[in-house]
>>> print(open('protein.json').read())   # JSON, N, CA, C and O atoms
[["chain", "number", "residue", "atom", "x", "y", "z"],
["A", 9, "MET", "N", 78.13, 107.75, 91.19],
["A", 9, "MET", "CA", 78.18, 106.32, 91.33],
["A", 9, "MET", "C", 77.35, 105.93, 92.56],
["A", 9, "MET", "O", 77.34, 106.65, 93.55],
["A", 10, "ARG", "N", 76.68, 104.81, 92.49],
["A", 10, "ARG", "CA", 75.82, 104.33, 93.58],
["A", 10, "ARG", "C", 76.63, 104.03, 94.84],
["A", 10, "ARG", "O", 77.79, 103.62, 94.77],
["A", 11, "LEU", "N", 75.99, 104.23, 96.00],
["A", 11, "LEU", "CA", 76.63, 103.99, 97.29],
["A", 11, "LEU", "C", 77.15, 102.57, 97.42],
["A", 11, "LEU", "O", 78.31, 102.35, 97.81],
["A", 12, "ASP", "N", 76.33, 101.57, 97.08],
["A", 12, "ASP", "CA", 76.77, 100.18, 97.24],
["A", 12, "ASP", "C", 77.97, 99.87, 96.36],
["A", 12, "ASP", "O", 78.88, 99.14, 96.76],
["A", 13, "LEU", "N", 78.03, 100.44, 95.16],
["A", 13, "LEU", "CA", 79.19, 100.23, 94.28],
["A", 13, "LEU", "C", 80.44, 100.92, 94.81],
["A", 13, "LEU", "O", 81.54, 100.36, 94.73],
["A", 14, "VAL", "N", 80.28, 102.11, 95.35],
["A", 14, "VAL", "CA", 81.43, 102.84, 95.90],
["A", 14, "VAL", "C", 82.02, 102.07, 97.07],
["A", 14, "VAL", "O", 83.24, 101.91, 97.16],
["A", 15, "LEU", "N", 81.17, 101.56, 97.97],
["A", 15, "LEU", "CA", 81.65, 100.80, 99.11],
["A", 15, "LEU", "C", 82.41, 99.55, 98.67],
["A", 15, "LEU", "O", 83.45, 99.21, 99.23],
["A", 16, "LYS", "N", 81.91, 98.88, 97.65],
["A", 16, "LYS", "CA", 82.54, 97.66, 97.14],
["A", 16, "LYS", "C", 83.83, 97.96, 96.39],
["A", 16, "LYS", "O", 84.89, 97.41, 96.68],
["A", 17, "GLN", "N", 83.78, 98.88, 95.43],
["A", 17, "GLN", "CA", 84.94, 99.15, 94.57],
["A", 17, "GLN", "C", 86.09, 99.84, 95.32],
["A", 17, "GLN", "O", 87.25, 99.66, 94.95],
["A", 18, "SER", "N", 85.77, 100.61, 96.35],
["A", 18, "SER", "CA", 86.84, 101.27, 97.11],
["A", 18, "SER", "C", 87.49, 100.32, 98.11],
["A", 18, "SER", "O", 88.58, 100.57, 98.59],
["A", 19, "GLY", "N", 86.81, 99.23, 98.44],
["A", 19, "GLY", "CA", 87.35, 98.24, 99.38],
["A", 19, "GLY", "C", 86.93, 98.47, 100.81],
["A", 19, "GLY", "O", 87.41, 97.80, 101.71],
["A", 20, "ILE", "N", 86.03, 99.41, 101.05],
["A", 20, "ILE", "CA", 85.54, 99.65, 102.41],
["A", 20, "ILE", "C", 84.78, 98.42, 102.89],
["A", 20, "ILE", "O", 84.94, 97.99, 104.03],
["A", 21, "ILE", "N", 83.98, 97.85, 102.01],
["A", 21, "ILE", "CA", 83.23, 96.62, 102.30],
["A", 21, "ILE", "C", 83.52, 95.63, 101.18],
["A", 21, "ILE", "O", 83.55, 96.01, 100.00],
["A", 22, "LYS", "N", 83.74, 94.39, 101.52],
["A", 22, "LYS", "CA", 84.21, 93.39, 100.54],
["A", 22, "LYS", "C", 83.17, 92.96, 99.51],
["A", 22, "LYS", "O", 83.52, 92.62, 98.40],
["A", 23, "ARG", "N", 81.89, 92.93, 99.89],
["A", 23, "ARG", "CA", 80.87, 92.43, 98.97],
["A", 23, "ARG", "C", 79.74, 93.44, 98.81],
["A", 23, "ARG", "O", 79.32, 94.08, 99.77],
["A", 24, "ARG", "N", 79.26, 93.56, 97.58],
["A", 24, "ARG", "CA", 78.19, 94.51, 97.29],
["A", 24, "ARG", "C", 76.90, 94.16, 98.01],
["A", 24, "ARG", "O", 76.17, 95.04, 98.46],
["A", 25, "THR", "N", 76.61, 92.87, 98.15],
["A", 25, "THR", "CA", 75.38, 92.47, 98.83],
["A", 25, "THR", "C", 75.41, 92.89, 100.31],
["A", 25, "THR", "O", 74.39, 93.28, 100.85],
["A", 26, "ILE", "N", 76.59, 92.82, 100.93],
["A", 26, "ILE", "CA", 76.72, 93.24, 102.32],
["A", 26, "ILE", "C", 76.58, 94.76, 102.40],
["A", 26, "ILE", "O", 75.91, 95.28, 103.30],
["A", 27, "ALA", "N", 77.17, 95.48, 101.46],
["A", 27, "ALA", "CA", 77.04, 96.94, 101.42],
["A", 27, "ALA", "C", 75.57, 97.34, 101.26],
["A", 27, "ALA", "O", 75.10, 98.25, 101.94],
["A", 28, "LYS", "N", 74.87, 96.64, 100.40],
["A", 28, "LYS", "CA", 73.44, 96.93, 100.17],
["A", 28, "LYS", "C", 72.64, 96.65, 101.44],
["A", 28, "LYS", "O", 71.80, 97.45, 101.84],
["A", 29, "GLU", "N", 72.93, 95.54, 102.09],
["A", 29, "GLU", "CA", 72.22, 95.16, 103.32],
["A", 29, "GLU", "C", 72.46, 96.18, 104.44],
["A", 29, "GLU", "O", 71.52, 96.58, 105.14],
["A", 30, "LEU", "N", 73.70, 96.63, 104.61],
["A", 30, "LEU", "CA", 74.00, 97.63, 105.63],
["A", 30, "LEU", "C", 73.27, 98.94, 105.36],
["A", 30, "LEU", "O", 72.73, 99.56, 106.27],
["A", 31, "ALA", "N", 73.26, 99.36, 104.09],
["A", 31, "ALA", "CA", 72.56, 100.59, 103.73],
["A", 31, "ALA", "C", 71.05, 100.45, 103.95],
["A", 31, "ALA", "O", 70.41, 101.37, 104.45],
["A", 32, "ASP", "N", 70.50, 99.31, 103.59],
["A", 32, "ASP", "CA", 69.06, 99.07, 103.79],
["A", 32, "ASP", "C", 68.68, 99.13, 105.27],
["A", 32, "ASP", "O", 67.57, 99.52, 105.62],
["A", 33, "ASN", "N", 69.62, 98.75, 106.15],
["A", 33, "ASN", "CA", 69.37, 98.74, 107.59],
["A", 33, "ASN", "C", 69.73, 100.06, 108.27],
["A", 33, "ASN", "O", 69.72, 100.14, 109.49],
["A", 34, "GLY", "N", 70.10, 101.08, 107.49],
["A", 34, "GLY", "CA", 70.39, 102.39, 108.04],
["A", 34, "GLY", "C", 71.72, 102.51, 108.75],
["A", 34, "GLY", "O", 71.92, 103.40, 109.57],
["A", 35, "ARG", "N", 72.67, 101.62, 108.45],
["A", 35, "ARG", "CA", 73.96, 101.62, 109.11],
["A", 35, "ARG", "C", 75.03, 102.39, 108.34],
["A", 35, "ARG", "O", 76.17, 102.47, 108.77],
["A", 36, "ILE", "N", 74.65, 102.95, 107.19],
["A", 36, "ILE", "CA", 75.57, 103.76, 106.38],
["A", 36, "ILE", "C", 74.98, 105.17, 106.26],
["A", 36, "ILE", "O", 73.83, 105.34, 105.85],
["A", 37, "LEU", "N", 75.77, 106.17, 106.64],
["A", 37, "LEU", "CA", 75.35, 107.56, 106.52],
["A", 37, "LEU", "C", 76.18, 108.24, 105.43],
["A", 37, "LEU", "O", 77.38, 108.00, 105.33],
["A", 38, "VAL", "N", 75.52, 109.08, 104.65],
["A", 38, "VAL", "CA", 76.20, 109.87, 103.62],
["A", 38, "VAL", "C", 75.96, 111.32, 103.98],
["A", 38, "VAL", "O", 74.81, 111.78, 103.97],
["A", 39, "ASN", "N", 77.03, 112.04, 104.31],
["A", 39, "ASN", "CA", 76.92, 113.44, 104.74],
["A", 39, "ASN", "C", 75.90, 113.58, 105.87],
["A", 39, "ASN", "O", 75.05, 114.46, 105.86],
["A", 40, "ASP", "N", 75.99, 112.68, 106.84],
["A", 40, "ASP", "CA", 75.14, 112.66, 108.04],
["A", 40, "ASP", "C", 73.66, 112.41, 107.78],
["A", 40, "ASP", "O", 72.81, 112.73, 108.60],
["A", 41, "LYS", "N", 73.33, 111.82, 106.64],
["A", 41, "LYS", "CA", 71.96, 111.41, 106.34],
["A", 41, "LYS", "C", 71.99, 109.92, 105.99],
["A", 41, "LYS", "O", 72.94, 109.45, 105.38],
["A", 42, "VAL", "N", 70.93, 109.21, 106.35],
["A", 42, "VAL", "CA", 70.87, 107.77, 106.05],
["A", 42, "VAL", "C", 70.93, 107.57, 104.54],
["A", 42, "VAL", "O", 70.18, 108.20, 103.79],
["A", 43, "GLY", "N", 71.86, 106.71, 104.11],
["A", 43, "GLY", "CA", 72.03, 106.46, 102.68],
["A", 43, "GLY", "C", 71.36, 105.17, 102.25],
["A", 43, "GLY", "O", 71.40, 104.17, 102.96],
["A", 44, "LYS", "N", 70.71, 105.22, 101.10],
["A", 44, "LYS", "CA", 70.15, 104.01, 100.50],
["A", 44, "LYS", "C", 71.20, 103.45, 99.54],
["A", 44, "LYS", "O", 72.11, 104.18, 99.13],
["A", 45, "PRO", "N", 71.09, 102.18, 99.15],
["A", 45, "PRO", "CA", 72.08, 101.62, 98.22],
["A", 45, "PRO", "C", 72.18, 102.41, 96.91],
["A", 45, "PRO", "O", 73.25, 102.47, 96.30],
["A", 46, "SER", "N", 71.10, 103.05, 96.49],
["A", 46, "SER", "CA", 71.10, 103.78, 95.22],
["A", 46, "SER", "C", 71.49, 105.25, 95.36],
["A", 46, "SER", "O", 71.51, 105.98, 94.37],
["A", 47, "THR", "N", 71.84, 105.69, 96.57],
["A", 47, "THR", "CA", 72.25, 107.08, 96.78],
["A", 47, "THR", "C", 73.45, 107.40, 95.91],
["A", 47, "THR", "O", 74.43, 106.65, 95.88],
["A", 48, "GLU", "N", 73.39, 108.50, 95.18],
["A", 48, "GLU", "CA", 74.47, 108.91, 94.29],
["A", 48, "GLU", "C", 75.59, 109.57, 95.11],
["A", 48, "GLU", "O", 75.36, 110.51, 95.85],
["A", 49, "ILE", "N", 76.81, 109.04, 94.97],
["A", 49, "ILE", "CA", 77.96, 109.54, 95.71],
["A", 49, "ILE", "C", 78.81, 110.40, 94.78],
["A", 49, "ILE", "O", 79.09, 110.03, 93.65],
["A", 50, "LYS", "N", 79.21, 111.57, 95.31],
["A", 50, "LYS", "CA", 80.04, 112.50, 94.54],
["A", 50, "LYS", "C", 81.39, 112.66, 95.24],
["A", 50, "LYS", "O", 81.54, 112.31, 96.41],
["A", 51, "ASP", "N", 82.35, 113.22, 94.52],
["A", 51, "ASP", "CA", 83.68, 113.47, 95.06],
["A", 51, "ASP", "C", 83.57, 114.38, 96.28],
["A", 51, "ASP", "O", 82.89, 115.40, 96.25],
["A", 52, "GLY", "N", 84.18, 113.98, 97.40],
["A", 52, "GLY", "CA", 84.17, 114.78, 98.61],
["A", 52, "GLY", "C", 83.08, 114.42, 99.59],
["A", 52, "GLY", "O", 83.03, 115.00, 100.69],
["A", 53, "ASP", "N", 82.19, 113.49, 99.24],
["A", 53, "ASP", "CA", 81.15, 113.07, 100.17],
["A", 53, "ASP", "C", 81.77, 112.33, 101.35],
["A", 53, "ASP", "O", 82.77, 111.62, 101.21],
["A", 54, "ILE", "N", 81.16, 112.49, 102.52],
["A", 54, "ILE", "CA", 81.64, 111.82, 103.73],
["A", 54, "ILE", "C", 80.70, 110.67, 104.05],
["A", 54, "ILE", "O", 79.49, 110.85, 104.15],
["A", 55, "ILE", "N", 81.28, 109.48, 104.17],
["A", 55, "ILE", "CA", 80.50, 108.27, 104.47],
["A", 55, "ILE", "C", 80.87, 107.79, 105.87],
["A", 55, "ILE", "O", 82.04, 107.66, 106.19],
["A", 56, "THR", "N", 79.85, 107.52, 106.67],
["A", 56, "THR", "CA", 80.04, 106.96, 108.00],
["A", 56, "THR", "C", 79.44, 105.56, 107.99],
["A", 56, "THR", "O", 78.27, 105.39, 107.67],
["A", 57, "ALA", "N", 80.27, 104.57, 108.31],
["A", 57, "ALA", "CA", 79.83, 103.18, 108.32],
["A", 57, "ALA", "C", 79.84, 102.66, 109.75],
["A", 57, "ALA", "O", 80.87, 102.76, 110.44],
["A", 58, "LYS", "N", 78.71, 102.14, 110.21],
["A", 58, "LYS", "CA", 78.59, 101.57, 111.55],
["A", 58, "LYS", "C", 78.60, 100.05, 111.42],
["A", 58, "LYS", "O", 77.65, 99.46, 110.95],
["A", 59, "LEU", "N", 79.72, 99.45, 111.81],
["A", 59, "LEU", "CA", 79.88, 98.01, 111.71],
["A", 59, "LEU", "C", 80.06, 97.44, 113.11],
["A", 59, "LEU", "O", 81.13, 97.56, 113.70],
["A", 60, "GLY", "N", 79.01, 96.87, 113.64],
["A", 60, "GLY", "CA", 79.04, 96.37, 115.01],
["A", 60, "GLY", "C", 79.19, 97.55, 115.96],
["A", 60, "GLY", "O", 78.44, 98.51, 115.89],
["A", 61, "LYS", "N", 80.20, 97.50, 116.83],
["A", 61, "LYS", "CA", 80.45, 98.60, 117.76],
["A", 61, "LYS", "C", 81.41, 99.63, 117.14],
["A", 61, "LYS", "O", 81.64, 100.67, 117.72],
["A", 62, "ARG", "N", 81.97, 99.30, 115.98],
["A", 62, "ARG", "CA", 82.92, 100.19, 115.30],
["A", 62, "ARG", "C", 82.21, 101.17, 114.41],
["A", 62, "ARG", "O", 81.22, 100.84, 113.77],
["A", 63, "GLU", "N", 82.74, 102.38, 114.34],
["A", 63, "GLU", "CA", 82.21, 103.39, 113.44],
["A", 63, "GLU", "C", 83.39, 104.03, 112.73],
["A", 63, "GLU", "O", 84.34, 104.48, 113.36],
["A", 64, "SER", "N", 83.34, 104.05, 111.40],
["A", 64, "SER", "CA", 84.41, 104.65, 110.60],
["A", 64, "SER", "C", 83.84, 105.75, 109.73],
["A", 64, "SER", "O", 82.76, 105.61, 109.16],
["A", 65, "LYS", "N", 84.60, 106.84, 109.63],
["A", 65, "LYS", "CA", 84.20, 107.98, 108.82],
["A", 65, "LYS", "C", 85.27, 108.17, 107.75],
["A", 65, "LYS", "O", 86.46, 108.27, 108.08],
["A", 66, "VAL", "N", 84.85, 108.21, 106.47],
["A", 66, "VAL", "CA", 85.80, 108.36, 105.37],
["A", 66, "VAL", "C", 85.31, 109.41, 104.39],
["A", 66, "VAL", "O", 84.11, 109.67, 104.28],
["A", 67, "VAL", "N", 86.26, 110.01, 103.66],
["A", 67, "VAL", "CA", 85.94, 110.93, 102.57],
["A", 67, "VAL", "C", 86.20, 110.18, 101.28],
["A", 67, "VAL", "O", 87.24, 109.53, 101.12],
["A", 68, "ILE", "N", 85.27, 110.27, 100.34],
["A", 68, "ILE", "CA", 85.40, 109.58, 99.06],
["A", 68, "ILE", "C", 85.98, 110.53, 98.02],
["A", 68, "ILE", "O", 85.56, 111.68, 97.91],
["A", 69, "HIS", "N", 86.97, 110.02, 97.27],
["A", 69, "HIS", "CA", 87.56, 110.75, 96.15],
["A", 69, "HIS", "C", 87.51, 109.83, 94.93],
["A", 69, "HIS", "O", 87.59, 108.60, 95.07],
["A", 70, "PHE", "N", 87.37, 110.40, 93.76],
["A", 70, "PHE", "CA", 87.36, 109.61, 92.53],
["A", 70, "PHE", "C", 88.62, 109.91, 91.72],
["A", 70, "PHE", "O", 88.97, 111.06, 91.52],
["A", 71, "VAL", "N", 89.28, 108.84, 91.28],
["A", 71, "VAL", "CA", 90.47, 108.94, 90.44],
["A", 71, "VAL", "C", 90.09, 108.44, 89.06],
["A", 71, "VAL", "O", 89.49, 107.37, 88.93],
["A", 72, "THR", "N", 90.43, 109.21, 88.02],
["A", 72, "THR", "CA", 90.09, 108.82, 86.65],
["A", 72, "THR", "C", 91.23, 107.99, 86.06],
["A", 72, "THR", "O", 92.37, 108.42, 86.05],
["A", 73, "LYS", "N", 90.89, 106.80, 85.58],
["A", 73, "LYS", "CA", 91.84, 105.93, 84.88],
["A", 73, "LYS", "C", 91.22, 105.61, 83.53],
["A", 73, "LYS", "O", 90.25, 104.86, 83.45],
["A", 74, "GLY", "N", 91.75, 106.22, 82.49],
["A", 74, "GLY", "CA", 91.16, 106.04, 81.16],
["A", 74, "GLY", "C", 89.79, 106.67, 81.15],
["A", 74, "GLY", "O", 89.63, 107.85, 81.42],
["A", 75, "LYS", "N", 88.77, 105.89, 80.85],
["A", 75, "LYS", "CA", 87.40, 106.39, 80.82],
["A", 75, "LYS", "C", 86.64, 106.09, 82.11],
["A", 75, "LYS", "O", 85.50, 106.51, 82.26],
["A", 76, "ARG", "N", 87.27, 105.37, 83.04],
["A", 76, "ARG", "CA", 86.59, 104.95, 84.26],
["A", 76, "ARG", "C", 86.97, 105.82, 85.44],
["A", 76, "ARG", "O", 88.08, 106.31, 85.54],
["A", 77, "GLU", "N", 86.02, 105.99, 86.36],
["A", 77, "GLU", "CA", 86.28, 106.64, 87.63],
["A", 77, "GLU", "C", 86.39, 105.57, 88.71],
["A", 77, "GLU", "O", 85.48, 104.76, 88.87],
["A", 78, "ILE", "N", 87.51, 105.58, 89.42],
["A", 78, "ILE", "CA", 87.74, 104.60, 90.47],
["A", 78, "ILE", "C", 87.59, 105.31, 91.82],
["A", 78, "ILE", "O", 88.26, 106.30, 92.08],
["A", 79, "PRO", "N", 86.69, 104.81, 92.69],
["A", 79, "PRO", "CA", 86.53, 105.45, 94.00],
["A", 79, "PRO", "C", 87.67, 105.05, 94.95],
["A", 79, "PRO", "O", 88.10, 103.90, 94.98],
["A", 80, "THR", "N", 88.19, 106.04, 95.67],
["A", 80, "THR", "CA", 89.19, 105.81, 96.71],
["A", 80, "THR", "C", 88.67, 106.50, 97.97],
["A", 80, "THR", "O", 87.72, 107.28, 97.91],
["A", 81, "PHE", "N", 89.28, 106.20, 99.11],
["A", 81, "PHE", "CA", 88.81, 106.83, 100.34],
["A", 81, "PHE", "C", 89.97, 107.24, 101.22],
["A", 81, "PHE", "O", 91.07, 106.70, 101.12],
["A", 82, "GLU", "N", 89.70, 108.21, 102.08],
["A", 82, "GLU", "CA", 90.66, 108.68, 103.06],
["A", 82, "GLU", "C", 89.96, 108.63, 104.42],
["A", 82, "GLU", "O", 88.87, 109.19, 104.58],
["A", 83, "VAL", "N", 90.56, 107.94, 105.37],
["A", 83, "VAL", "CA", 89.94, 107.79, 106.70],
["A", 83, "VAL", "C", 90.06, 109.10, 107.46],
["A", 83, "VAL", "O", 91.12, 109.69, 107.56],
["A", 84, "ILE", "N", 88.92, 109.55, 107.98],
["A", 84, "ILE", "CA", 88.89, 110.76, 108.80],
["A", 84, "ILE", "C", 88.92, 110.38, 110.26],
["A", 84, "ILE", "O", 89.67, 110.95, 111.05],
["A", 85, "GLU", "N", 88.12, 109.38, 110.62],
["A", 85, "GLU", "CA", 87.94, 109.03, 112.03],
["A", 85, "GLU", "C", 87.59, 107.56, 112.16],
["A", 85, "GLU", "O", 86.80, 107.03, 111.39],
["A", 86, "ASN", "N", 88.20, 106.90, 113.13],
["A", 86, "ASN", "CA", 87.88, 105.52, 113.47],
["A", 86, "ASN", "C", 87.53, 105.46, 114.94],
["A", 86, "ASN", "O", 88.33, 105.88, 115.78],
["A", 87, "GLU", "N", 86.38, 104.94, 115.28],
["A", 87, "GLU", "CA", 85.98, 104.78, 116.69],
["A", 87, "GLU", "C", 85.72, 103.32, 116.96],
["A", 87, "GLU", "O", 85.05, 102.66, 116.20],
["A", 88, "ASN", "N", 86.27, 102.84, 118.04],
["A", 88, "ASN", "CA", 86.06, 101.45, 118.42],
["A", 88, "ASN", "C", 85.05, 101.32, 119.50],
["A", 88, "ASN", "O", 84.72, 102.10, 120.24]]
>>> encode(input="protein.json", output="C-alpha cells")
Amino acid sequence: MRLDLVLKQSGIIKRRTIAKELADNGRILVNDKVGKPSTEIKDGDIITAKLGKRESKVVIHFVTKGKREIPTFEVIENEN
C-alpha cells in the first residue's frame, strides 16, 4: 500500500494531501530512508514522521478484514 494512504488510513495523519506534502518535503522516513508518497509500505516497516519539532517513530502492521488490508501502527518512540 502507498505511503500516503497508509498514513491517512492508519490515522497517523488526518489528510492524504498533508501526508503527500510531508513526504514530498522529505519529512517522512521509511526504514531510515526518505519516503515518497508512492513508496510501497509492507508489514513491519518503520515510519519516522517529523512534524515541527516533534518526531514520532511507528511500526506499521496490516490487519485483514474481509478482502481488505487495514493499516495499524504501534508507537516505538516519541520525541518532543
>>> atom_distance(input="protein.json", atom1="atom N of Asp32 in chain A", atom2="atom C of Thr56 in chain A")
11.8 Å
>>> closest_residue(input="protein.json", among="A:Glu48, A:Glu77, A:Asp12, A:Asp53", to="Ala27 in chain A", atoms="all atoms listed in the file")
A:Asp12
>>> closest_residue(input="protein.json", among="A:Ile21, A:Val67, A:Met9, A:Leu30", to="Ser46 in chain A", atoms="only C-alpha atoms")
A:Met9
>>> axis_aligned_box(input="protein.json", around="range 16-34 of chain A", padding_each_side="8 Å", output="AutoDock Vina command-line options")
--center_x 78.1 --center_y 97.9 --center_z 102.1 --size_x 37.0 --size_y 27.0 --size_z 31.0
>>> residues_around(input="protein.json", residues="Asn33 in chain A", least_positions_apart="5", cutoff="8 Å", atoms="only N, CA, C and O atoms", output="VMD selection string")
chain A and resid 26 to 28 43 to 45
>>> residues_near_point(input="protein.json", point="(85.2, 111.0, 98.2)", cutoff="6 Å", atoms="only N, CA, C and O atoms", output="PyMOL selection string")
chain A and resi 50-53+67-70+80-81
>>> select_by_dssp(input="protein.json", residues="chain A", states="strand (DSSP E or B)", output="PyMOL selection string")
chain A and resi 10+36-38+41-42+48+54-59+62-73+76-87
>>> atom_distance(input="protein.json", atom1="CA of Lys41 in chain A", atom2="CA of Ile84 in chain A")
17.1 Å
>>> atom_distance(input="protein.json", atom1="CA of Asn86 in chain A", atom2="CA of Thr47 in chain A")
22.9 Å
>>> residues_near_point(input="protein.json", point="(88.6, 109.0, 111.7)", cutoff="7 Å", atoms="only N, CA, C and O atoms", output="ChimeraX atom specification")
/A:63-66,83-87
>>> closest_residue(input="protein.json", among="A:Pro79, A:Gly19, A:Gly34, A:Lys73", to="Ala57 in chain A", atoms="only N, CA, C and O atoms")
A:Gly34
>>> select_by_dssp(input="protein.json", residues="chain A", states="helix (DSSP H, G or I)", output="list in words")
Leu11, Asp12, Leu13, Val14, Leu15, Lys16, Gln17, Ser18, Arg24, Thr25, Ile26, Ala27, Lys28, Glu29, Leu30, Ala31 and Asp32 of chain A
>>> decode(input="protein.json", residues="range 55-87 of chain A", atoms="C-alpha atoms", output="compact mmCIF listing (two decimals), in the first residue's frame")
# COMPACT_ATOMS: atom_id res chain seq x y z
CA ILE A 55 8.00 5.05 9.62
CA THR A 56 9.52 8.16 11.17
CA ALA A 57 7.42 11.32 10.87
CA LYS A 58 8.95 14.74 11.59
CA LEU A 59 6.16 17.16 12.44
CA GLY A 60 7.53 20.52 13.52
CA LYS A 61 9.90 19.88 16.44
CA ARG A 62 8.22 16.52 17.16
CA GLU A 63 9.46 13.24 15.78
CA SER A 64 7.48 10.01 16.03
CA LYS A 65 8.61 6.52 15.11
CA VAL A 66 6.00 3.81 14.46
CA VAL A 67 5.87 0.24 13.17
CA ILE A 68 3.17 -0.50 10.60
CA HIS A 69 1.10 -3.69 10.77
CA PHE A 70 -1.69 -4.75 8.43
CA VAL A 71 -4.90 -6.38 9.70
CA THR A 72 -7.07 -8.26 7.20
CA LYS A 73 -10.81 -7.56 7.36
CA GLY A 74 -12.64 -9.50 4.68
CA LYS A 75 -10.79 -8.77 1.45
CA ARG A 76 -9.23 -5.51 2.65
CA GLU A 77 -5.99 -4.84 4.49
CA ILE A 78 -6.29 -2.16 7.14
CA PRO A 79 -3.03 -0.47 8.26
CA THR A 80 -2.47 -0.08 12.02
CA PHE A 81 0.53 1.26 13.88
CA GLU A 82 2.44 0.76 17.10
CA VAL A 83 4.40 3.69 18.54
CA ILE A 84 8.07 2.89 19.14
CA GLU A 85 9.38 6.31 20.08
CA ASN A 86 8.05 9.84 20.58
CA GLU A 87 10.45 12.78 20.83
